[in-house]
Amino acid sequence: MIELVNLTKKFKQVEAVKNLNMYIEKGEIVGLLGPNGAGKSTAISMLSSLVEPTSGDVRFENKSIIKNPASFRRVVGMVPQEIALYTDLTAEENLHFFGRIYNLRGKELKQKMDEVLELIGLSDRRKDVVKKFSGGMKRRLNIGVAMLHDPEIIIMDEPTVGIDPQSRNYILETVKRLNEERQVTVLYTSHYMEEVEYLCDRIYIMDKGNLIASGTKDEIKQILSSERTVSIRTERLNEAFIAELKENPFVSHVTVADKEVIIIVPKEANMFVEITRIADISNVELTSVDIKTPTLEDVFLHLTGRALRD
Ligand SMILES: Nc1ncnc2c1ncn2[C@@H]1O[C@H](COP(=O)(O)OP(=O)(O)OP(=O)(O)O)[C@@H](O)[C@H]1O
Ligand SMILES: [Mg+2]
C-alpha cells in the first residue's frame with residue numbers, strides 16, 4: 001500500500017534519514033521505534049509530504065506521491081508530534097475549523113464531529129476551551145482532528161509522550177479499535193517498546209537516521225535468540241565489578257542502573273559461576289542474578305549499545 005524507497009533527508013549538517021526502505025500493507029499496524037533524534041519525525045514528514053526528501057521516493061498504491069500528494073492526503077490522517085490546536089477555541093470549534101479544511105460542511109460535518117468526539121471520549125467536554133484541557137485531552141483532540149475525514153491510514157508521531165496513564169491507555173485502545181473495527185492502517189511512532197509490543201504487527205527500528213532492524217515482533221526477538229540478558233542486583237556496586245564485567249570475553253554489553261547491572265551474554269555461557277567469581281574478587285555482595293529471555297528493549301540495546309530511553 002505504502003512504500004518508502006531509499007528515502008533520504010539531509011539538513012545542512014545532519015543526515016536525518018539515510019536510505020530508508022519501508023513498506024506498510026493495508027490493515028497493518030506498523031511501529032516505528034527509535035530514540036530521540038533517530039529520524040522518525042523526519043521520515044514521517046516526508047511520508048506525509050510535509051518535508052521534501054533530498055532523494056528517494058514515497059509510493060502509494062505504486063504511484064509516487066512526492067510530486068503529487070493530493071490523492072494520498074485525502075486518505076491519510078496525520079497526528080503530529082507537536083499538538084496543533086487553537087487553544088482559545090472549544091473542542092467543537094477546533095473540529096469545525098479543521099473539518100472545513102477537509103471540505104466537510106453542514107450535516108455531514110456535524111455528524112463527523114459527533115462521531116469523532118465519541119471516539120476520543122470528549123463528547124461531554126465539547127464546549128470547553130482547549131486551554132483548559134489536560135495534555136492527554138489535547139492529544140486526544142489532536143487525534144480526533146486527524147480522524148475527521150475518515151482516513152484509511154493514520155500516522156501517529158509519539159501520541160502518548162508526556163500524558164497521564166489514563167489518556168495513554170485510551171489512545172492505545174482507540175488505535176487498536178480503529179484498526180480492528182474499521183481496518184484503519186496505522187503507522188505508530190514511539191520510543192516506548194511496550195506500546196509497540198502491544199499494538200504492532202511489524203516493527204521498524206531506527207537509530208541515527210538508519211534502519212537497524214525490521215520484522216515481526218518474533219523475528220526481531222530472534223536477533224537475540226542466541227543470547228541471554230542477565231540482570232545482576234546488588235546492594236552496593238563498585239567500579240571494579242563493572243570493569244571486570246566489561247572485560248569479560250563473554251559479555252557483549254554492560255548497562256548500569258542504580259543497583260542493577262544488565263549484561264548480554266551468549267546463551268550457552270555458564271554465566272552464573274562467572275558472575276559469582278567476579279563478585280567475589282571485586283567484593284560485591286550479590287542480591288540476585290536473573291537470566292531472562294530477551295525483550296525488544298534488549299534487542300535495541302544489543303543493536304545500538306544504548307538503552308532505548310535516555
Ligand atoms: N528542520 C530541521 N533542520 C535541521 N535539522 C533537523 C530538522 N528537523 C530535524 N533535524 C535533525 O534531524 C535529526 C532527526 O530528527 P527527528 O526529529 O526526525 O528525530 P525523531 O526520531 O523524531 O526524534 P524525537 O524522538 O526526539 O522526536 C536530528 O538530529 C534533528 O536535530
Ligand atoms: Mg520526533
# chains A, B, ... in the order shown; residues from 1 in each chain; ligands from 1
$ residues_around --residues "Glu244 in chain A" --least-positions-apart "2" --cutoff "10 Å" --atoms "only C-alpha atoms" --output "ChimeraX atom specification"
/A:239-242,246-249,251,275,278-279,281-282
$ residues_around --residues "Met1 in chain A" --least-positions-apart "2" --cutoff "8 Å" --atoms "only C-alpha atoms" --output "PyMOL selection string"
chain A and resi 3+23-26+59-62
$ atom_distance --atom1 "CA of Ala70 in chain A" --atom2 "CA of Thr189 in chain A"
23.3 Å
$ closest_atom_pairs --of "chain A" --to "ligand 1" --cutoff "10 Å" --atoms "only C-alpha atoms and all ligand atoms" --output "tab-separated table"
residue	atom	partner	partner_atom_place_in_ligand_line	distance
A:Lys9	CA	ligand 1	12 (O)	8.4
A:Lys10	CA	ligand 1	12 (O)	8.0
A:Phe11	CA	ligand 1	4 (C)	4.9
A:Lys12	CA	ligand 1	4 (C)	6.6
A:Gln13	CA	ligand 1	5 (N)	7.5
A:Val14	CA	ligand 1	29 (O)	6.0
A:Glu15	CA	ligand 1	12 (O)	6.7
A:Ala16	CA	ligand 1	12 (O)	4.0
A:Val17	CA	ligand 1	14 (C)	7.1
A:Leu32	CA	ligand 1	21 (O)	9.2
A:Leu33	CA	ligand 1	21 (O)	8.1
A:Gly34	CA	ligand 1	21 (O)	6.0
A:Pro35	CA	ligand 1	25 (O)	5.4
A:Asn36	CA	ligand 1	26 (O)	3.5
A:Gly37	CA	ligand 1	19 (O)	3.4
A:Ala38	CA	ligand 1	21 (O)	3.7
A:Gly39	CA	ligand 1	18 (O)	3.2
A:Lys40	CA	ligand 1	21 (O)	3.7
A:Ser41	CA	ligand 1	22 (O)	3.6
A:Thr42	CA	ligand 1	18 (O)	3.7
A:Ala43	CA	ligand 1	18 (O)	6.4
A:Ile44	CA	ligand 1	18 (O)	8.0
A:Ser45	CA	ligand 1	18 (O)	8.3
A:Met46	CA	ligand 1	18 (O)	10.0
A:Val51	CA	ligand 1	1 (N)	8.8
A:Gln81	CA	ligand 1	27 (O)	7.1
A:Glu82	CA	ligand 1	27 (O)	9.4
A:Asp157	CA	ligand 1	22 (O)	7.8
A:Glu158	CA	ligand 1	27 (O)	7.4
A:Val161	CA	ligand 1	25 (O)	9.6
A:Thr189	CA	ligand 1	22 (O)	8.4
A:Ser190	CA	ligand 1	25 (O)	7.4
A:His191	CA	ligand 1	25 (O)	6.8
A:Met206	CA	ligand 1	21 (O)	7.7
A:Asp207	CA	ligand 1	21 (O)	7.8
A:Lys208	CA	ligand 1	14 (C)	7.2
A:Gly209	CA	ligand 1	14 (C)	6.8
A:Arg309	CA	ligand 1	25 (O)	9.5
$ select_by_dssp --residues "range 64-290 of chain A" --states "alpha helix (DSSP H)" --output "JSON, numbers by chain"
{"A": [70, 71, 72, 73, 74, 75, 91, 92, 93, 94, 95, 96, 97, 98, 99, 100, 101, 106, 107, 108, 109, 110, 111, 112, 113, 114, 115, 116, 117, 118, 119, 135, 136, 137, 138, 139, 140, 141, 142, 143, 144, 145, 146, 147, 165, 166, 167, 168, 169, 170, 171, 172, 173, 174, 175, 176, 177, 178, 179, 180, 181, 182, 193, 194, 195, 196, 197, 198, 199, 217, 218, 219, 220, 221, 222, 239, 240, 241, 242, 243, 244, 245, 246, 247, 271, 272, 273, 274, 275, 276, 277, 278, 279, 280, 281]}
$ residues_around --residues "range 116-123 of chain A" --least-positions-apart "5" --cutoff "9 Å" --atoms "only C-alpha atoms" --output "PDB file with all heavy atoms, in the first residue's frame"
ATOM      1  N   ALA A  91     -13.318  22.576  21.932  1.00  0.00           N
ATOM      2  CA  ALA A  91     -13.044  21.323  21.214  1.00  0.00           C
ATOM      3  C   ALA A  91     -13.859  21.300  19.925  1.00  0.00           C
ATOM      4  O   ALA A  91     -13.348  21.024  18.834  1.00  0.00           O
ATOM      5  CB  ALA A  91     -13.413  20.145  22.098  1.00  0.00           C
ATOM      6  N   GLU A  92     -15.124  21.627  20.081  1.00  0.00           N
ATOM      7  CA  GLU A  92     -16.059  21.612  18.962  1.00  0.00           C
ATOM      8  C   GLU A  92     -15.639  22.597  17.859  1.00  0.00           C
ATOM      9  O   GLU A  92     -15.643  22.272  16.673  1.00  0.00           O
ATOM     10  CB  GLU A  92     -17.411  22.038  19.522  1.00  0.00           C
ATOM     11  CG  GLU A  92     -18.595  21.602  18.777  1.00  0.00           C
ATOM     12  CD  GLU A  92     -19.831  21.895  19.619  1.00  0.00           C
ATOM     13  OE1 GLU A  92     -20.055  23.078  19.967  1.00  0.00           O
ATOM     14  OE2 GLU A  92     -20.537  20.941  19.930  1.00  0.00           O
ATOM     15  N   LEU A  95     -12.686  21.287  15.907  1.00  0.00           N
ATOM     16  CA  LEU A  95     -13.091  20.256  14.943  1.00  0.00           C
ATOM     17  C   LEU A  95     -13.797  20.890  13.749  1.00  0.00           C
ATOM     18  O   LEU A  95     -13.583  20.503  12.602  1.00  0.00           O
ATOM     19  CB  LEU A  95     -14.000  19.223  15.621  1.00  0.00           C
ATOM     20  CG  LEU A  95     -13.307  18.300  16.622  1.00  0.00           C
ATOM     21  CD1 LEU A  95     -14.330  17.444  17.357  1.00  0.00           C
ATOM     22  CD2 LEU A  95     -12.270  17.414  15.935  1.00  0.00           C
ATOM     23  N   GLN A 111     -22.163  15.530  11.830  1.00  0.00           N
ATOM     24  CA  GLN A 111     -22.183  14.096  12.132  1.00  0.00           C
ATOM     25  C   GLN A 111     -20.775  13.555  12.394  1.00  0.00           C
ATOM     26  O   GLN A 111     -20.559  12.795  13.334  1.00  0.00           O
ATOM     27  CB  GLN A 111     -22.819  13.379  10.945  1.00  0.00           C
ATOM     28  CG  GLN A 111     -23.155  11.936  11.211  1.00  0.00           C
ATOM     29  CD  GLN A 111     -23.463  11.216   9.909  1.00  0.00           C
ATOM     30  OE1 GLN A 111     -23.934  11.836   8.940  1.00  0.00           O
ATOM     31  NE2 GLN A 111     -23.176   9.933   9.863  1.00  0.00           N
ATOM     32  N   MET A 137      -5.925  15.169  27.085  1.00  0.00           N
ATOM     33  CA  MET A 137      -7.152  15.532  26.362  1.00  0.00           C
ATOM     34  C   MET A 137      -6.812  16.261  25.067  1.00  0.00           C
ATOM     35  O   MET A 137      -7.462  16.051  24.033  1.00  0.00           O
ATOM     36  CB  MET A 137      -8.045  16.396  27.255  1.00  0.00           C
ATOM     37  CG  MET A 137      -8.687  15.594  28.376  1.00  0.00           C
ATOM     38  SD  MET A 137      -9.243  16.658  29.710  1.00  0.00           S
ATOM     39  CE  MET A 137     -10.661  17.391  28.946  1.00  0.00           C
ATOM     40  N   ARG A 140      -5.817  13.728  22.585  1.00  0.00           N
ATOM     41  CA  ARG A 140      -6.976  13.011  22.052  1.00  0.00           C
ATOM     42  C   ARG A 140      -7.700  13.856  21.017  1.00  0.00           C
ATOM     43  O   ARG A 140      -8.120  13.353  19.974  1.00  0.00           O
ATOM     44  CB  ARG A 140      -7.911  12.611  23.200  1.00  0.00           C
ATOM     45  CG  ARG A 140      -7.481  11.295  23.827  1.00  0.00           C
ATOM     46  CD  ARG A 140      -7.736  11.227  25.299  1.00  0.00           C
ATOM     47  NE  ARG A 140      -9.149  11.254  25.636  1.00  0.00           N
ATOM     48  CZ  ARG A 140      -9.609  11.334  26.888  1.00  0.00           C
ATOM     49  NH1 ARG A 140      -8.763  11.385  27.895  1.00  0.00           N
ATOM     50  NH2 ARG A 140     -10.897  11.369  27.117  1.00  0.00           N
ATOM     51  N   LEU A 141      -7.801  15.153  21.296  1.00  0.00           N
ATOM     52  CA  LEU A 141      -8.465  16.031  20.329  1.00  0.00           C
ATOM     53  C   LEU A 141      -7.642  16.114  19.037  1.00  0.00           C
ATOM     54  O   LEU A 141      -8.191  16.116  17.932  1.00  0.00           O
ATOM     55  CB  LEU A 141      -8.671  17.423  20.944  1.00  0.00           C
ATOM     56  CG  LEU A 141      -9.474  18.412  20.091  1.00  0.00           C
ATOM     57  CD1 LEU A 141     -10.839  17.857  19.714  1.00  0.00           C
ATOM     58  CD2 LEU A 141      -9.633  19.748  20.816  1.00  0.00           C
ATOM     59  N   ILE A 143      -5.858  13.807  17.808  1.00  0.00           N
ATOM     60  CA  ILE A 143      -6.149  12.569  17.082  1.00  0.00           C
ATOM     61  C   ILE A 143      -7.516  12.683  16.413  1.00  0.00           C
ATOM     62  O   ILE A 143      -7.694  12.303  15.260  1.00  0.00           O
ATOM     63  CB  ILE A 143      -6.091  11.345  18.041  1.00  0.00           C
ATOM     64  CG1 ILE A 143      -4.656  11.175  18.550  1.00  0.00           C
ATOM     65  CG2 ILE A 143      -6.595  10.083  17.361  1.00  0.00           C
ATOM     66  CD1 ILE A 143      -4.499  10.140  19.653  1.00  0.00           C
ATOM     67  N   GLY A 144      -8.474  13.264  17.132  1.00  0.00           N
ATOM     68  CA  GLY A 144      -9.819  13.478  16.589  1.00  0.00           C
ATOM     69  C   GLY A 144      -9.775  14.289  15.304  1.00  0.00           C
ATOM     70  O   GLY A 144     -10.441  13.958  14.316  1.00  0.00           O
ATOM     71  N   VAL A 145      -8.973  15.341  15.308  1.00  0.00           N
ATOM     72  CA  VAL A 145      -8.830  16.192  14.120  1.00  0.00           C
ATOM     73  C   VAL A 145      -8.359  15.360  12.927  1.00  0.00           C
ATOM     74  O   VAL A 145      -8.876  15.466  11.824  1.00  0.00           O
ATOM     75  CB  VAL A 145      -7.838  17.357  14.399  1.00  0.00           C
ATOM     76  CG1 VAL A 145      -7.418  18.042  13.115  1.00  0.00           C
ATOM     77  CG2 VAL A 145      -8.459  18.365  15.363  1.00  0.00           C
ATOM     78  N   MET A 147      -8.885  12.337  12.414  1.00  0.00           N
ATOM     79  CA  MET A 147      -9.850  11.298  12.046  1.00  0.00           C
ATOM     80  C   MET A 147     -11.103  11.845  11.357  1.00  0.00           C
ATOM     81  O   MET A 147     -11.961  11.079  10.929  1.00  0.00           O
ATOM     82  CB  MET A 147     -10.305  10.535  13.309  1.00  0.00           C
ATOM     83  CG  MET A 147      -9.236   9.713  13.998  1.00  0.00           C
ATOM     84  SD  MET A 147      -8.461   8.511  12.918  1.00  0.00           S
ATOM     85  CE  MET A 147      -9.890   7.553  12.424  1.00  0.00           C
ATOM     86  N   LEU A 148     -11.216  13.167  11.266  1.00  0.00           N
ATOM     87  CA  LEU A 148     -12.449  13.792  10.777  1.00  0.00           C
ATOM     88  C   LEU A 148     -12.871  13.334   9.381  1.00  0.00           C
ATOM     89  O   LEU A 148     -14.049  13.194   9.100  1.00  0.00           O
ATOM     90  CB  LEU A 148     -12.280  15.318  10.748  1.00  0.00           C
ATOM     91  CG  LEU A 148     -12.651  16.080  12.011  1.00  0.00           C
ATOM     92  CD1 LEU A 148     -12.227  17.525  11.863  1.00  0.00           C
ATOM     93  CD2 LEU A 148     -14.155  15.977  12.296  1.00  0.00           C
ATOM     94  N   TYR A 170      -6.280   5.098  26.871  1.00  0.00           N
ATOM     95  CA  TYR A 170      -7.402   5.420  25.994  1.00  0.00           C
ATOM     96  C   TYR A 170      -6.933   5.494  24.546  1.00  0.00           C
ATOM     97  O   TYR A 170      -7.569   4.962  23.634  1.00  0.00           O
ATOM     98  CB  TYR A 170      -8.032   6.753  26.425  1.00  0.00           C
ATOM     99  CG  TYR A 170      -9.427   6.910  25.903  1.00  0.00           C
ATOM    100  CD1 TYR A 170     -10.520   6.569  26.685  1.00  0.00           C
ATOM    101  CD2 TYR A 170      -9.655   7.365  24.607  1.00  0.00           C
ATOM    102  CE1 TYR A 170     -11.798   6.678  26.196  1.00  0.00           C
ATOM    103  CE2 TYR A 170     -10.925   7.476  24.110  1.00  0.00           C
ATOM    104  CZ  TYR A 170     -12.004   7.133  24.906  1.00  0.00           C
ATOM    105  OH  TYR A 170     -13.262   7.239  24.412  1.00  0.00           O
ATOM    106  N   ILE A 171      -5.800   6.148  24.350  1.00  0.00           N
ATOM    107  CA  ILE A 171      -5.273   6.293  22.991  1.00  0.00           C
ATOM    108  C   ILE A 171      -4.885   4.930  22.409  1.00  0.00           C
ATOM    109  O   ILE A 171      -5.237   4.600  21.272  1.00  0.00           O
ATOM    110  CB  ILE A 171      -4.074   7.274  22.976  1.00  0.00           C
ATOM    111  CG1 ILE A 171      -4.586   8.698  23.236  1.00  0.00           C
ATOM    112  CG2 ILE A 171      -3.305   7.204  21.658  1.00  0.00           C
ATOM    113  CD1 ILE A 171      -3.503   9.739  23.436  1.00  0.00           C
ATOM    114  N   THR A 174      -7.948   3.110  21.503  1.00  0.00           N
ATOM    115  CA  THR A 174      -8.610   3.697  20.325  1.00  0.00           C
ATOM    116  C   THR A 174      -7.907   3.261  19.038  1.00  0.00           C
ATOM    117  O   THR A 174      -8.562   2.896  18.062  1.00  0.00           O
ATOM    118  CB  THR A 174      -8.613   5.240  20.428  1.00  0.00           C
ATOM    119  OG1 THR A 174      -9.163   5.604  21.690  1.00  0.00           O
ATOM    120  CG2 THR A 174      -9.445   5.867  19.321  1.00  0.00           C
TER     121      THR A 174
END
$ atom_distance --atom1 "CA of Leu245 in chain A" --atom2 "CA of Lys292 in chain A"
17.6 Å
$ residues_around --residues "Val261 in chain A" --least-positions-apart "6" --cutoff "12 Å" --atoms "only C-alpha atoms" --output "list in words"
Thr229, Val230, Ser231, Ile232, Arg233, Thr234, Glu235, Arg236, Leu237, Asn238, Glu239, Phe241, Ile242, Ala243, Leu245, Lys246, Val251, His253, Val254, Thr255, Ile275, Ala279, Leu286, Thr287, Ser288, Val289 and Asp290 of chain A
$ residues_around --residues "Asn103 in chain A" --least-positions-apart "6" --cutoff "12 Å" --atoms "only C-alpha atoms" --output "short mmCIF file (atom, residue, chain, number, x, y, z; two decimals) with N, CA, C and O atoms, in the first residue's frame"
data_model
loop_
_atom_site.label_atom_id
_atom_site.label_comp_id
_atom_site.auth_asym_id
_atom_site.auth_seq_id
_atom_site.Cartn_x
_atom_site.Cartn_y
_atom_site.Cartn_z
N ARG A 74 -5.87 12.81 0.87
CA ARG A 74 -7.29 12.58 1.11
C ARG A 74 -7.54 11.36 2.00
O ARG A 74 -8.53 11.29 2.70
N HIS A 96 -14.63 21.88 14.02
CA HIS A 96 -15.35 22.58 12.96
C HIS A 96 -14.37 23.24 12.01
O HIS A 96 -14.45 23.07 10.79
N PHE A 97 -13.38 23.93 12.59
CA PHE A 97 -12.39 24.63 11.78
C PHE A 97 -11.63 23.66 10.87
O PHE A 97 -11.52 23.86 9.66
N LEU A 109 -20.55 17.41 8.32
CA LEU A 109 -19.53 17.86 9.27
C LEU A 109 -20.01 17.63 10.70
O LEU A 109 -19.28 17.13 11.54
N LEU A 148 -11.22 13.17 11.27
CA LEU A 148 -12.45 13.79 10.78
C LEU A 148 -12.87 13.33 9.38
O LEU A 148 -14.05 13.19 9.10
N HIS A 149 -11.89 13.18 8.51
CA HIS A 149 -12.24 12.84 7.12
C HIS A 149 -12.20 11.34 6.87
O HIS A 149 -11.99 10.90 5.74
#
$ closest_residue --among "A:Lys259, A:Lys127, A:Lys267, A:Lys217" --to "Arg202 in chain A" --atoms "only C-alpha atoms"
A:Lys217
$ closest_residue --among "A:Leu50, A:Ile66, A:Ile83, A:Val175" --to "Gly162 in chain A" --atoms "only C-alpha atoms"
A:Ile83
$ atom_distance --atom1 "CA of Leu104 in chain A" --atom2 "CA of Ile65 in chain A"
23.5 Å
$ residues_around --residues "Gly77 in chain A" --least-positions-apart "5" --cutoff "8 Å" --atoms "only C-alpha atoms" --output "PyMOL selection string"
chain A and resi 146-147+149+151-155
$ select_by_dssp --residues "range 196-261 of chain A" --states "strand (DSSP E or B)" --output "PDB file with C-alpha atoms, in the first residue's frame"
ATOM      1  CA  ARG A 202       5.504  -5.354  12.388  1.00  0.00           C
ATOM      2  CA  ILE A 203       8.249  -3.088  13.635  1.00  0.00           C
ATOM      3  CA  TYR A 204      10.981  -0.934  12.178  1.00  0.00           C
ATOM      4  CA  ILE A 205      13.760   0.288  14.444  1.00  0.00           C
ATOM      5  CA  MET A 206      15.732   3.397  13.518  1.00  0.00           C
ATOM      6  CA  ASP A 207      18.808   4.925  15.070  1.00  0.00           C
ATOM      7  CA  ASN A 210      19.480   4.352   9.761  1.00  0.00           C
ATOM      8  CA  LEU A 211      17.140   1.433   9.844  1.00  0.00           C
ATOM      9  CA  ILE A 212      18.795  -1.012  12.216  1.00  0.00           C
ATOM     10  CA  ALA A 213      16.178  -3.760  12.342  1.00  0.00           C
ATOM     11  CA  SER A 214      12.802  -4.684  10.907  1.00  0.00           C
ATOM     12  CA  GLY A 215      10.368  -7.560  11.049  1.00  0.00           C
ATOM     13  CA  THR A 216       7.591  -9.034  13.137  1.00  0.00           C
ATOM     14  CA  GLU A 227      21.881 -14.573  23.574  1.00  0.00           C
ATOM     15  CA  ARG A 228      20.556 -14.039  27.049  1.00  0.00           C
ATOM     16  CA  THR A 229      20.114 -10.958  29.145  1.00  0.00           C
ATOM     17  CA  VAL A 230      21.328 -11.261  32.699  1.00  0.00           C
ATOM     18  CA  SER A 231      20.181  -8.881  35.389  1.00  0.00           C
ATOM     19  CA  ILE A 232      22.530  -8.696  38.350  1.00  0.00           C
ATOM     20  CA  ARG A 233      21.351  -6.962  41.514  1.00  0.00           C
ATOM     21  CA  THR A 234      23.463  -5.947  44.463  1.00  0.00           C
ATOM     22  CA  HIS A 253      27.023  -5.128  26.633  1.00  0.00           C
ATOM     23  CA  VAL A 254      27.043  -3.735  30.145  1.00  0.00           C
ATOM     24  CA  THR A 255      24.371  -1.296  31.300  1.00  0.00           C
ATOM     25  CA  VAL A 256      24.476   0.071  34.812  1.00  0.00           C
ATOM     26  CA  ALA A 257      21.368   1.360  36.553  1.00  0.00           C
ATOM     27  CA  GLU A 260      21.297  -3.259  38.831  1.00  0.00           C
ATOM     28  CA  VAL A 261      23.730  -4.250  36.115  1.00  0.00           C
TER      29      VAL A 261
END
